[in-house]
Amino acid sequence: MLLPKESVQDMAKDVTYICPYIGALRGTLTVTNYRLFFRCMDREPAFVLDLPLGVVSRVEKIGGASSRGEVSYGLVCKDIRNLRFAHKQMEDSLRKSIFEILMKFAFPVSNGLPIFAFEYGQVYPENGWKVYDAQAEYKRQGIPNESWRITKVNDHYEVCDTYPSNLVVPVNIPDEELKRVAAFRAKGRIPVLSWIHPESQATVTRCSQPMVGVNGKRSKDDEKYLQAIMDANAQSHKLFIFDARPSVNAAANKMKGGGYESEDAYQNAELVFLDIHNIHVMRESLRKLKEVVYPNIEESHWLSNLESTHWLEHIKLILAGALRIADKVESGKTSVVVHCSDGWDRTAQLTSLAMLMLDGHYRTIRGFQVLLEKEWLSFGHRFQLRIGHGDKNHTDADRSPVFLQFIDCVWQIARQFPAAFEFNEYFLVTILDHMYSCLFGTFMCNSEQQRVKEELPKKTVSLWAYINSQLEEFTNPLYVNYSNHVLFPVVSMRHLELWVGYYIRWNPRMRPQEPVHQRYKELLAKRAELQKRVEELQRDVTNRSASSTERAGSPTRSITPVQTFV
Amino acid sequence: MFSVKPLKPTFKSYLLPVQTDLKQTPQPPIKKLEAKLLPGEIVVNEVSFVRKCIGADSSHGDLWGKLICTNFKVSFITHDALPKQRFQVANRLLGEHDVPLACVEQVVTVNDAKGKQKVLCSNQKLKFNPTELVLYCKDFRIIRFRFDEAGPQSAKKVCLAIAHYSQPADPQLLFGFEYIGKQYYGSLGERVNGVDPGGGLQMPLFDRPSEWDREIKRTGAAEWRVCSINEGYVVSPSLPEYVVVPVSLADQDLKQYLCFFTAHRIPLWCWNHPNGSALVRMASISDPLQQRKLDQRICSAITKSHPQRSDVLKSDLDKNLPNIQDIQAAFVKVRQICVIEPFEESEEKWLSSMESSRWLEYVRAFLKHSAEVVYLLEGKHVSVILQEEEDRDLSCVVSSLVQLMLDPHFRSLTGFQSLVQKEWVMAGHRFLHRCNHLKKNDKEESPLFQLFLDCVWQIINQYPAAFEFTETYLTVLSDSMWIPVFSTFLFNCPQQRTENSMDFAKSKCIPMGEEKALRFPPVWDWSQQFTPKDQALFNNPMYVGKGATCVQNGTVKSFRRTKKNYSSTLRGMPSSLRNILMDGHDSLTLTRRNSLVPRLKPDFSQIREVVESPTERFFRDWVSRPADLQGMLIPQLLPSHLALWRLYFLRWVPEASIPKGGPVTAYHKLSQLADEVEKLQSQLRQYKGATPASTPTSNPSAPPSDHSRMYFKAGSTHEPSSIPEYLSSSFPFSPVGNMCRRSILGTPLSKFLNGAKTWLSTETLANEAL
């Protein structure tokens, strides 16, 4: 049952797991360098809890030894669970409690240990690190073309250390000017192309906020640069700048040197604020959501309790922003620039969701992997900080469920378009689970530069290697690859739902199933079987009629082949 | 194309307005606009040059035509086509823009120059000439007409006529009487004696003893018998003529007991579990002195009818469930939120508004109560009596839901229809009053049946392969309540149908012959409303198994599995739990206590013991195993697992319609695959049936004729390159032109960009009026 390089660190018998649904369960607890494993044999079937330590956000010893001499430990998890254990205080006080061992391996970064992903050496048929090739992806989009080029100016991450090495910029802006633009954009994150419309040439570009400051500083280079982005699209004489933040927040950023584009400085540009709140608001919202959904949901005030978390409201604002971007590009044939403050949280959500609506390629399993690698990983969404891999500092203000929100939004769109995605719900849940598990290298580090430096592709396995080795499990059988199908989801509370398959999955009353998919697969199997039988019979008939015609000497009667539907 | 709306469904291909104009240049001579009338239908009033509003803020796309009020419907006849690609399933009794008068909830007239508005009722006067008419419909549509170019007097007359005729003074003024009556005049010569009112229906209507007998045999209820003491409705007007009672109760006993029951409604057998437990419904005992004795007699008779002589538990529905006024209030609120309140404004507090409407809470309460009864029948092997004051409202919902959860037969289309026939129509649910067809007594109006359909939808939503029919079927069934020609929804009980028929026949000199009632078709005769092709929309491509064959000689194979589980987990249950339901201390109480226990907070301050009732454990055990769709089905009852039935509540709201999306896109794909499987099966049959000599005529590879159950047929060998335009989350309905609100033609975001706060005066009016 152990993974390669996984080793047992400690084991304790007579540990009690206090299950919020079933009650106290007594069993054996094992801690390895990768997971926590609890098994209770008293029940039929045996109760098992199997939890990667990466999921643990905090371990707490609760109170002192009770009258029965038991100590309690609580585990707060990143995946909407809290676990609670109790066990006897060791007679031998020199021996460490199993939970102290657990703490050591749950937070390897804080304890000077390697994250398990660096040890795990499972070999998969495919090298997942090769899924994304920036140049190939840009080529798929038709880039370079007459208006856009791939620049090597950031090859050594010198212009912007949180950006990828391959950047797509307007043809007529030389690299020297790019550097001057970088000076005017927060963290040097200049506007670069994320996606181009194959017909209208309208583009989605992303960046960070301009360093306007309280004095309303301007940059001729930046203004010229945005004009060049607009000019690259002959269909429209306008450029839309979507600032993901609420206008108040954007204005407040001026105090810190940031801000937003004034319409005076940027002629032909229209600025729109999308009112999406910052990482701290989102973290708080998820905390409240967890309180409402775990372990039990209160029966009488479910909907108002859910409303009070504002979680779905945030989801709605993000989706609404992405929809506006997609609509502007698709229906308005207008290029858009998207940014927030640094351009690695809300911006990543918005560009990737808009691209998902606009481009069916990203709705395939591999295409979605490319989308994540590109818009999230290569453009420097700070996974290490936002998730806090292996770090015991659970109160770190940099932690935030930004990526979870994005996956939630994807699930919401897939709910509305059940045949438009090649992947299923299990695929999304698996991505989230392994973002926390620290088994794969995919979500390690904060930027491409760090990943290169840590040699992640060499030292760790990519999540995509695992997923692509068993695609069947992650495939939506209902998927139809309609060409040019742009998705315009209805962004309304009337259609948004809490993702129960993720947030409420620990509740044993929740039945995890995909009956529609299952039924479709059954029908597919039945069709295959019937086709086989029909073909067999048809062969018989053909043979028979062939032999009979031989005898009769009449011309061969042609039998129309059975139509097969593939 | 320029004639009156054809009755066949048409996919109107939408061409851009410019192109349409080009193609239309040589205008064909305009044909006269005339109402298409059914037998017995007459035009009351009409007005020309009326504009039907499609967009809310501009007249763009509006339709010009004639507005007609008949004794059956409000009809709008136009030459214009709707401005957008749309699909609307066509009804044989109604034109594209028609609304039956019985479907009109409220008639509102407006004069915007004078700033006046009035909700019109029957026999009222109108002091101003209306410039606008808004119809609020029972099926949630809101339709607006403008009279700017119309003759003011005729417009006024039509409005008054609509208001008057939508509130008939007498049940016999409901259109069904004229309509059916006409058939007696028209086809006297060709009338066949003793025509079954169900036409060629292959399902029991439970109006004859043999059908009850068959149901007794089907469920293996050996100790129960058909009793005919109510033949001719002599003992109780609201009961069916034939009822099923325990064998041990003689007619004499029943005659003696019946006067003690409210409205003489003696206990009615509903269904038998394969383990012998029975489901029985009964009215309350009106005489308190007799209560104890009678209770004992009834219970002991039911116990005697149980092979294991198991106990009988009584479930008091009035005590445990919301009453009909509560349900009506919830329905009004949910409608308010879904279709009347401005879309964007209601977004903000959507969830809490939904909660405060209490609709989903009530849906859940009924599902939960029914599931608890299921536990008693299945898990505790006891018989259950559902008791309600009159046994004509809540019992209908609960008894039908229990049977749906326990017996897969009722999840087939005919099984479901026979269930409604048995537990609603025959059991005397007051459809006439609950639908408020006469709009006389608003206090009697209550959407019990809609609530039941919503409960069924929740189960379908959780177990999409377990039912033979679709949510479209349920929606269409609900809409049929507002077409007043079906025996199913016109009366308060079967006796009323007979009585009204006789009166009407007498007054119109209709020769009834041997017949006891006019031959109103039941709604189950779907060919009255839809073409066979459109009826295919009712079929669920995912349906597993042909339900009807599952119960044979009283044994259901698939039940065995579950039975074993319960006997092992529930042995040794304290007997004190037995009377849980009787005292009303069901698990609702337990869970309420549960929720007061503080949740496990991250600080882990308390340890608590988990309180789990036997019912909850029963449900949890069941959930932990894979569901057998041909066995017992228990819906998941966490509030998070109940959803708003979007097709039903939101189908007319343009802003809520997902273009090229919604569950129908999966249904589309599944139907095509199911159709391929069917085609292959039929090919296989043809191969097997064909002898080598008979080849040329029955070429097995020729596609079989259109016997397919599927609406969407397997197409060509290649995948379609684009998704059909007419698919939307509202399919097979179309919100276009049905709401007098802001339209969202063009980009899906116009509502964002233009600001969504512009709402019409009528919206505010609606708030005042309701």
# chains A, B, ... in the order shown; residues from 1 in each chain; ligands from 1

$ residues_around --residues "region 621-627 of chain B" --least-positions-apart "5" --cutoff "8 Å" --atoms "only C-alpha atoms" --output "PyMOL selection string"
(chain A and resi 508-511) or (chain B and resi 562+633)

$ write_last_selection --atoms "C-alpha atoms" --output "PDB file, in the first residue's frame"
ATOM      1  CA  PRO A 508     -21.720  10.106   4.438  1.00  0.00           C
ATOM      2  CA  ARG A 509     -25.273  11.010   3.424  1.00  0.00           C
ATOM      3  CA  MET A 510     -23.834  12.340   0.207  1.00  0.00           C
ATOM      4  CA  ARG A 511     -23.875   9.758  -2.567  1.00  0.00           C
TER       5      ARG A 511
ATOM      6  CA  THR B 562     -32.577  -4.202   1.001  1.00  0.00           C
ATOM      7  CA  LEU B 633     -35.184   4.784  -3.929  1.00  0.00           C
TER       8      LEU B 633
END

$ residues_around --residues "region 110-114 of chain A" --least-positions-apart "5" --cutoff "9 Å" --atoms "only C-alpha atoms" --output "PyMOL selection string"
chain A and resi 104-105+119+390-393

$ interface_residues --of "chain A" --to "chain B" --cutoff "6 Å" --atoms "only C-alpha atoms" --output "PDB file with all heavy atoms, in the first residue's frame"
ATOM      1  N   GLY A  23     -19.406   8.902  15.130  1.00  0.00           N
ATOM      2  CA  GLY A  23     -19.026   8.888  16.533  1.00  0.00           C
ATOM      3  C   GLY A  23     -17.614   8.342  16.693  1.00  0.00           C
ATOM      4  O   GLY A  23     -16.857   8.271  15.734  1.00  0.00           O
ATOM      5  N   GLU A 298     -26.917  22.945   8.689  1.00  0.00           N
ATOM      6  CA  GLU A 298     -28.096  23.220   9.489  1.00  0.00           C
ATOM      7  C   GLU A 298     -29.312  23.178   8.574  1.00  0.00           C
ATOM      8  O   GLU A 298     -29.351  23.828   7.542  1.00  0.00           O
ATOM      9  CB  GLU A 298     -27.955  24.595  10.145  1.00  0.00           C
ATOM     10  CG  GLU A 298     -28.868  24.751  11.327  1.00  0.00           C
ATOM     11  CD  GLU A 298     -28.948  26.193  11.790  1.00  0.00           C
ATOM     12  OE1 GLU A 298     -27.895  26.877  11.777  1.00  0.00           O
ATOM     13  OE2 GLU A 298     -30.051  26.623  12.134  1.00  0.00           O
ATOM     14  N   LEU A 303     -30.094  27.986   3.090  1.00  0.00           N
ATOM     15  CA  LEU A 303     -29.848  28.945   2.007  1.00  0.00           C
ATOM     16  C   LEU A 303     -29.374  30.297   2.532  1.00  0.00           C
ATOM     17  O   LEU A 303     -28.468  30.906   1.956  1.00  0.00           O
ATOM     18  CB  LEU A 303     -31.103  29.105   1.142  1.00  0.00           C
ATOM     19  CG  LEU A 303     -31.464  27.880   0.287  1.00  0.00           C
ATOM     20  CD1 LEU A 303     -32.793  28.100  -0.424  1.00  0.00           C
ATOM     21  CD2 LEU A 303     -30.372  27.598  -0.743  1.00  0.00           C
ATOM     22  N   SER A 304     -29.956  30.760   3.614  1.00  0.00           N
ATOM     23  CA  SER A 304     -29.496  32.063   4.109  1.00  0.00           C
ATOM     24  C   SER A 304     -28.109  31.931   4.734  1.00  0.00           C
ATOM     25  O   SER A 304     -27.304  32.867   4.660  1.00  0.00           O
ATOM     26  CB  SER A 304     -30.506  32.672   5.085  1.00  0.00           C
ATOM     27  OG  SER A 304     -30.845  31.758   6.081  1.00  0.00           O
ATOM     28  N   GLN A 416     -23.699  24.063 -16.522  1.00  0.00           N
ATOM     29  CA  GLN A 416     -24.629  24.670 -17.473  1.00  0.00           C
ATOM     30  C   GLN A 416     -24.484  24.093 -18.871  1.00  0.00           C
ATOM     31  O   GLN A 416     -25.416  24.142 -19.661  1.00  0.00           O
ATOM     32  CB  GLN A 416     -24.433  26.195 -17.499  1.00  0.00           C
ATOM     33  CG  GLN A 416     -24.779  26.847 -16.175  1.00  0.00           C
ATOM     34  CD  GLN A 416     -24.900  28.365 -16.274  1.00  0.00           C
ATOM     35  OE1 GLN A 416     -25.095  28.922 -17.349  1.00  0.00           O
ATOM     36  NE2 GLN A 416     -24.788  29.036 -15.142  1.00  0.00           N
ATOM     37  N   PHE A 417     -23.293  23.556 -19.155  1.00  0.00           N
ATOM     38  CA  PHE A 417     -23.057  22.980 -20.481  1.00  0.00           C
ATOM     39  C   PHE A 417     -22.522  21.550 -20.316  1.00  0.00           C
ATOM     40  O   PHE A 417     -21.323  21.312 -20.475  1.00  0.00           O
ATOM     41  CB  PHE A 417     -22.076  23.854 -21.267  1.00  0.00           C
ATOM     42  CG  PHE A 417     -22.575  25.252 -21.479  1.00  0.00           C
ATOM     43  CD1 PHE A 417     -22.237  26.271 -20.599  1.00  0.00           C
ATOM     44  CD2 PHE A 417     -23.409  25.546 -22.547  1.00  0.00           C
ATOM     45  CE1 PHE A 417     -22.719  27.561 -20.781  1.00  0.00           C
ATOM     46  CE2 PHE A 417     -23.890  26.829 -22.743  1.00  0.00           C
ATOM     47  CZ  PHE A 417     -23.545  27.837 -21.854  1.00  0.00           C
ATOM     48  N   PRO A 418     -23.416  20.630 -19.995  1.00  0.00           N
ATOM     49  CA  PRO A 418     -22.943  19.290 -19.619  1.00  0.00           C
ATOM     50  C   PRO A 418     -22.266  18.515 -20.750  1.00  0.00           C
ATOM     51  O   PRO A 418     -21.620  17.513 -20.486  1.00  0.00           O
ATOM     52  CB  PRO A 418     -24.217  18.574 -19.158  1.00  0.00           C
ATOM     53  CG  PRO A 418     -25.356  19.359 -19.688  1.00  0.00           C
ATOM     54  CD  PRO A 418     -24.870  20.771 -19.864  1.00  0.00           C
ATOM     55  N   ALA A 419     -22.391  18.988 -21.988  1.00  0.00           N
ATOM     56  CA  ALA A 419     -21.758  18.248 -23.086  1.00  0.00           C
ATOM     57  C   ALA A 419     -20.565  19.004 -23.665  1.00  0.00           C
ATOM     58  O   ALA A 419     -19.994  18.587 -24.660  1.00  0.00           O
ATOM     59  CB  ALA A 419     -22.782  17.955 -24.178  1.00  0.00           C
ATOM     60  N   TYR A 482     -18.275  20.363 -30.485  1.00  0.00           N
ATOM     61  CA  TYR A 482     -18.875  21.263 -31.466  1.00  0.00           C
ATOM     62  C   TYR A 482     -17.859  22.334 -31.820  1.00  0.00           C
ATOM     63  O   TYR A 482     -17.233  22.914 -30.937  1.00  0.00           O
ATOM     64  CB  TYR A 482     -20.121  21.937 -30.889  1.00  0.00           C
ATOM     65  CG  TYR A 482     -21.268  21.003 -30.627  1.00  0.00           C
ATOM     66  CD1 TYR A 482     -21.781  20.856 -29.341  1.00  0.00           C
ATOM     67  CD2 TYR A 482     -21.868  20.295 -31.664  1.00  0.00           C
ATOM     68  CE1 TYR A 482     -22.857  20.012 -29.095  1.00  0.00           C
ATOM     69  CE2 TYR A 482     -22.939  19.452 -31.420  1.00  0.00           C
ATOM     70  CZ  TYR A 482     -23.431  19.310 -30.138  1.00  0.00           C
ATOM     71  OH  TYR A 482     -24.489  18.488 -29.903  1.00  0.00           O
ATOM     72  N   SER A 483     -17.730  22.605 -33.110  1.00  0.00           N
ATOM     73  CA  SER A 483     -16.733  23.610 -33.477  1.00  0.00           C
ATOM     74  C   SER A 483     -17.296  25.015 -33.241  1.00  0.00           C
ATOM     75  O   SER A 483     -18.504  25.244 -33.364  1.00  0.00           O
ATOM     76  CB  SER A 483     -16.332  23.439 -34.939  1.00  0.00           C
ATOM     77  OG  SER A 483     -17.475  23.503 -35.750  1.00  0.00           O
ATOM     78  N   VAL A 490     -25.086  31.545 -18.082  1.00  0.00           N
ATOM     79  CA  VAL A 490     -25.932  32.541 -17.435  1.00  0.00           C
ATOM     80  C   VAL A 490     -25.377  32.765 -16.036  1.00  0.00           C
ATOM     81  O   VAL A 490     -25.370  31.863 -15.200  1.00  0.00           O
ATOM     82  CB  VAL A 490     -27.394  32.070 -17.375  1.00  0.00           C
ATOM     83  CG1 VAL A 490     -28.224  33.017 -16.517  1.00  0.00           C
ATOM     84  CG2 VAL A 490     -27.972  32.002 -18.785  1.00  0.00           C
ATOM     85  N   MET A 493     -27.634  33.972  -9.836  1.00  0.00           N
ATOM     86  CA  MET A 493     -27.803  33.100  -8.684  1.00  0.00           C
ATOM     87  C   MET A 493     -28.830  32.013  -8.977  1.00  0.00           C
ATOM     88  O   MET A 493     -28.867  30.987  -8.322  1.00  0.00           O
ATOM     89  CB  MET A 493     -28.265  33.907  -7.468  1.00  0.00           C
ATOM     90  CG  MET A 493     -27.232  34.868  -6.931  1.00  0.00           C
ATOM     91  SD  MET A 493     -25.635  34.116  -6.645  1.00  0.00           S
ATOM     92  CE  MET A 493     -26.029  33.099  -5.240  1.00  0.00           C
ATOM     93  N   ARG A 509     -23.947  11.023   4.045  1.00  0.00           N
ATOM     94  CA  ARG A 509     -25.273  11.010   3.424  1.00  0.00           C
ATOM     95  C   ARG A 509     -25.206  11.435   1.964  1.00  0.00           C
ATOM     96  O   ARG A 509     -26.181  11.408   1.241  1.00  0.00           O
ATOM     97  CB  ARG A 509     -26.224  11.959   4.191  1.00  0.00           C
ATOM     98  CG  ARG A 509     -26.566  11.469   5.560  1.00  0.00           C
ATOM     99  CD  ARG A 509     -27.696  10.457   5.512  1.00  0.00           C
ATOM    100  NE  ARG A 509     -28.928  11.027   5.023  1.00  0.00           N
ATOM    101  CZ  ARG A 509     -29.759  11.748   5.765  1.00  0.00           C
ATOM    102  NH1 ARG A 509     -29.495  11.962   7.020  1.00  0.00           N
ATOM    103  NH2 ARG A 509     -30.866  12.234   5.249  1.00  0.00           N
ATOM    104  N   ARG A 527     -24.412  -0.591 -27.346  1.00  0.00           N
ATOM    105  CA  ARG A 527     -24.375  -0.330 -28.786  1.00  0.00           C
ATOM    106  C   ARG A 527     -23.285  -1.167 -29.442  1.00  0.00           C
ATOM    107  O   ARG A 527     -23.492  -1.793 -30.482  1.00  0.00           O
ATOM    108  CB  ARG A 527     -24.118   1.159 -29.051  1.00  0.00           C
ATOM    109  CG  ARG A 527     -24.056   1.472 -30.527  1.00  0.00           C
ATOM    110  CD  ARG A 527     -23.801   2.937 -30.786  1.00  0.00           C
ATOM    111  NE  ARG A 527     -22.443   3.315 -30.404  1.00  0.00           N
ATOM    112  CZ  ARG A 527     -21.941   4.528 -30.572  1.00  0.00           C
ATOM    113  NH1 ARG A 527     -22.705   5.485 -31.090  1.00  0.00           N
ATOM    114  NH2 ARG A 527     -20.724   4.811 -30.208  1.00  0.00           N
ATOM    115  N   VAL A 534     -25.133  -7.593 -34.955  1.00  0.00           N
ATOM    116  CA  VAL A 534     -25.751  -7.280 -36.247  1.00  0.00           C
ATOM    117  C   VAL A 534     -24.779  -7.583 -37.377  1.00  0.00           C
ATOM    118  O   VAL A 534     -25.141  -8.180 -38.387  1.00  0.00           O
ATOM    119  CB  VAL A 534     -26.200  -5.802 -36.303  1.00  0.00           C
ATOM    120  CG1 VAL A 534     -26.565  -5.389 -37.713  1.00  0.00           C
ATOM    121  CG2 VAL A 534     -27.386  -5.575 -35.374  1.00  0.00           C
ATOM    122  N   VAL A 562     -24.348  -2.464 -42.933  1.00  0.00           N
ATOM    123  CA  VAL A 562     -24.974  -1.876 -41.749  1.00  0.00           C
ATOM    124  C   VAL A 562     -24.317  -0.541 -41.449  1.00  0.00           C
ATOM    125  O   VAL A 562     -23.098  -0.419 -41.464  1.00  0.00           O
ATOM    126  CB  VAL A 562     -24.800  -2.815 -40.540  1.00  0.00           C
ATOM    127  CG1 VAL A 562     -25.369  -2.170 -39.290  1.00  0.00           C
ATOM    128  CG2 VAL A 562     -25.461  -4.135 -40.811  1.00  0.00           C
ATOM    129  N   PHE A 565     -22.296   3.833 -36.477  1.00  0.00           N
ATOM    130  CA  PHE A 565     -22.202   5.198 -35.963  1.00  0.00           C
ATOM    131  C   PHE A 565     -21.007   5.258 -35.042  1.00  0.00           C
ATOM    132  O   PHE A 565     -20.935   4.526 -34.075  1.00  0.00           O
ATOM    133  CB  PHE A 565     -23.467   5.535 -35.189  1.00  0.00           C
ATOM    134  CG  PHE A 565     -24.719   5.234 -35.933  1.00  0.00           C
ATOM    135  CD1 PHE A 565     -25.326   3.990 -35.838  1.00  0.00           C
ATOM    136  CD2 PHE A 565     -25.299   6.198 -36.739  1.00  0.00           C
ATOM    137  CE1 PHE A 565     -26.484   3.712 -36.524  1.00  0.00           C
ATOM    138  CE2 PHE A 565     -26.456   5.914 -37.421  1.00  0.00           C
ATOM    139  CZ  PHE A 565     -27.058   4.679 -37.325  1.00  0.00           C
TER     140      PHE A 565
END

$ residues_around --residues "region 402-411 of chain B" --least-positions-apart "4" --cutoff "8 Å" --atoms "only C-alpha atoms" --output "number ranges by chain"
B: 271, 273, 370-371, 373-374, 398, 415-419, 466-469, 547-551, 629-634

$ residues_around --residues "region 376-384 of chain A" --least-positions-apart "5" --cutoff "6 Å" --atoms "only C-alpha atoms" --output "count of residues only"
11

$ closest_residue --among "A:Ser194, A:Phe443, A:Trp129, A:Val109" --to "Ile150 (chain A)" --atoms "only C-alpha atoms"
A:Ser194

$ residues_around --residues "Pro447 (chain B)" --least-positions-apart "4" --cutoff "9 Å" --atoms "only C-alpha atoms" --output "list in words"
Ile324, Ile327, Gln328, Phe331, Arg434, Cys435, Leu451 and Phe452 of chain B

$ write_last_selection --atoms "N, CA, C and O atoms" --output "PDB file, in the first residue's frame"
ATOM      1  N   ILE B 324     -52.540  23.492   3.491  1.00  0.00           N
ATOM      2  CA  ILE B 324     -52.681  23.933   2.101  1.00  0.00           C
ATOM      3  C   ILE B 324     -52.501  25.441   1.940  1.00  0.00           C
ATOM      4  O   ILE B 324     -52.023  25.898   0.911  1.00  0.00           O
ATOM      5  N   ILE B 327     -48.816  26.157   1.828  1.00  0.00           N
ATOM      6  CA  ILE B 327     -48.235  25.747   0.544  1.00  0.00           C
ATOM      7  C   ILE B 327     -48.574  26.772  -0.536  1.00  0.00           C
ATOM      8  O   ILE B 327     -47.720  27.147  -1.344  1.00  0.00           O
ATOM      9  N   GLN B 328     -49.799  27.242  -0.516  1.00  0.00           N
ATOM     10  CA  GLN B 328     -50.197  28.262  -1.487  1.00  0.00           C
ATOM     11  C   GLN B 328     -49.353  29.527  -1.298  1.00  0.00           C
ATOM     12  O   GLN B 328     -48.861  30.108  -2.260  1.00  0.00           O
ATOM     13  N   PHE B 331     -45.956  29.072  -2.684  1.00  0.00           N
ATOM     14  CA  PHE B 331     -45.969  29.043  -4.150  1.00  0.00           C
ATOM     15  C   PHE B 331     -46.063  30.462  -4.718  1.00  0.00           C
ATOM     16  O   PHE B 331     -45.359  30.814  -5.664  1.00  0.00           O
ATOM     17  N   ARG B 434     -58.714  23.336  -5.894  1.00  0.00           N
ATOM     18  CA  ARG B 434     -57.290  23.603  -5.713  1.00  0.00           C
ATOM     19  C   ARG B 434     -56.706  24.373  -6.903  1.00  0.00           C
ATOM     20  O   ARG B 434     -55.801  25.172  -6.752  1.00  0.00           O
ATOM     21  N   CYS B 435     -57.241  24.097  -8.091  1.00  0.00           N
ATOM     22  CA  CYS B 435     -56.819  24.879  -9.265  1.00  0.00           C
ATOM     23  C   CYS B 435     -57.520  26.236  -9.276  1.00  0.00           C
ATOM     24  O   CYS B 435     -57.111  27.135 -10.011  1.00  0.00           O
ATOM     25  N   LEU B 451     -46.752  20.807  -6.142  1.00  0.00           N
ATOM     26  CA  LEU B 451     -45.787  20.444  -5.106  1.00  0.00           C
ATOM     27  C   LEU B 451     -45.370  18.979  -5.272  1.00  0.00           C
ATOM     28  O   LEU B 451     -44.191  18.637  -5.176  1.00  0.00           O
ATOM     29  N   PHE B 452     -46.359  18.138  -5.524  1.00  0.00           N
ATOM     30  CA  PHE B 452     -46.067  16.719  -5.753  1.00  0.00           C
ATOM     31  C   PHE B 452     -45.134  16.559  -6.957  1.00  0.00           C
ATOM     32  O   PHE B 452     -44.135  15.841  -6.892  1.00  0.00           O
TER      33      PHE B 452
END

$ residues_around --residues "Asn476 (chain A)" --least-positions-apart "5" --cutoff "10 Å" --atoms "only C-alpha atoms" --output "MDAnalysis selection string"
chainID A and resid 364:365 418:427 471 514 516:518 520:521

$ select_by_dssp --residues "region 78-163 of chain B" --states "strand (DSSP E)" --output "CSV table (one decimal) with C-alpha atoms, in the first residue's frame"
chain,number,residue,atom,x,y,z
B,78,THR,CA,-50.3,37.2,-36.4
B,99,VAL,CA,-53.5,31.2,-23.6
B,100,PRO,CA,-56.5,29.2,-22.3
B,104,VAL,CA,-55.2,33.4,-16.9
B,105,GLU,CA,-54.5,34.3,-13.3
B,106,GLN,CA,-54.9,38.0,-13.5
B,107,VAL,CA,-56.0,40.5,-16.1
B,108,VAL,CA,-54.4,44.0,-15.8
B,109,THR,CA,-55.3,47.0,-18.0
B,110,VAL,CA,-53.2,50.1,-18.2
B,111,ASN,CA,-53.7,53.5,-19.6
B,116,LYS,CA,-54.1,54.5,-14.6
B,117,GLN,CA,-54.1,50.8,-14.1
B,118,LYS,CA,-56.7,48.3,-13.0
B,119,VAL,CA,-56.9,44.6,-12.2
B,120,LEU,CA,-60.0,43.5,-14.0
B,132,GLU,CA,-52.1,48.1,-22.6
B,133,LEU,CA,-53.2,44.7,-21.4
B,134,VAL,CA,-51.0,42.4,-19.3
B,135,LEU,CA,-52.0,38.8,-18.7
B,136,TYR,CA,-50.4,37.0,-15.7
B,137,CYS,CA,-50.7,33.3,-16.4
B,142,ILE,CA,-46.6,37.2,-18.4
B,143,ILE,CA,-47.9,38.5,-21.7
B,144,ARG,CA,-48.3,42.1,-22.7
B,145,PHE,CA,-50.4,43.6,-25.5
B,146,ARG,CA,-50.4,47.2,-26.7

$ residues_around --residues "Leu49 (chain A)" --least-positions-apart "2" --cutoff "12 Å" --atoms "only C-alpha atoms" --output "list in words"
Tyr17, Ile18, Cys19, Leu25, Gly27, Thr28, Leu29, Thr30, Val31, Arg35, Leu36, Phe37, Phe38, Arg39, Cys40, Met41, Ala46, Phe47, Leu51, Pro52, Leu53, Leu83, Arg84, Phe85 and Trp506 of chain A

$ select_by_dssp --residues "region 399-492 of chain A" --states "helix (DSSP H, G or I)" --output "ChimeraX atom specification"
/A:402-416,425-437,448-453,456-459,463-468,471-474

$ closest_residue --among "B:Phe520, B:Phe261, B:Trp269, B:Tyr242" --to "Lys182 (chain B)" --atoms "only C-alpha atoms"
B:Phe520

$ closest_residue --among "A:Ala106, A:Ala232, A:Leu439, A:Ala322" --to "Pro4 (chain A)" --atoms "only C-alpha atoms"
A:Leu439

$ atom_distance --atom1 "CA of Gly121 (chain A)" --atom2 "CA of Phe107 (chain A)"
20.3 Å

$ atom_distance --atom1 "CA of Gly332 (chain A)" --atom2 "CA of Ala320 (chain A)"
16.1 Å
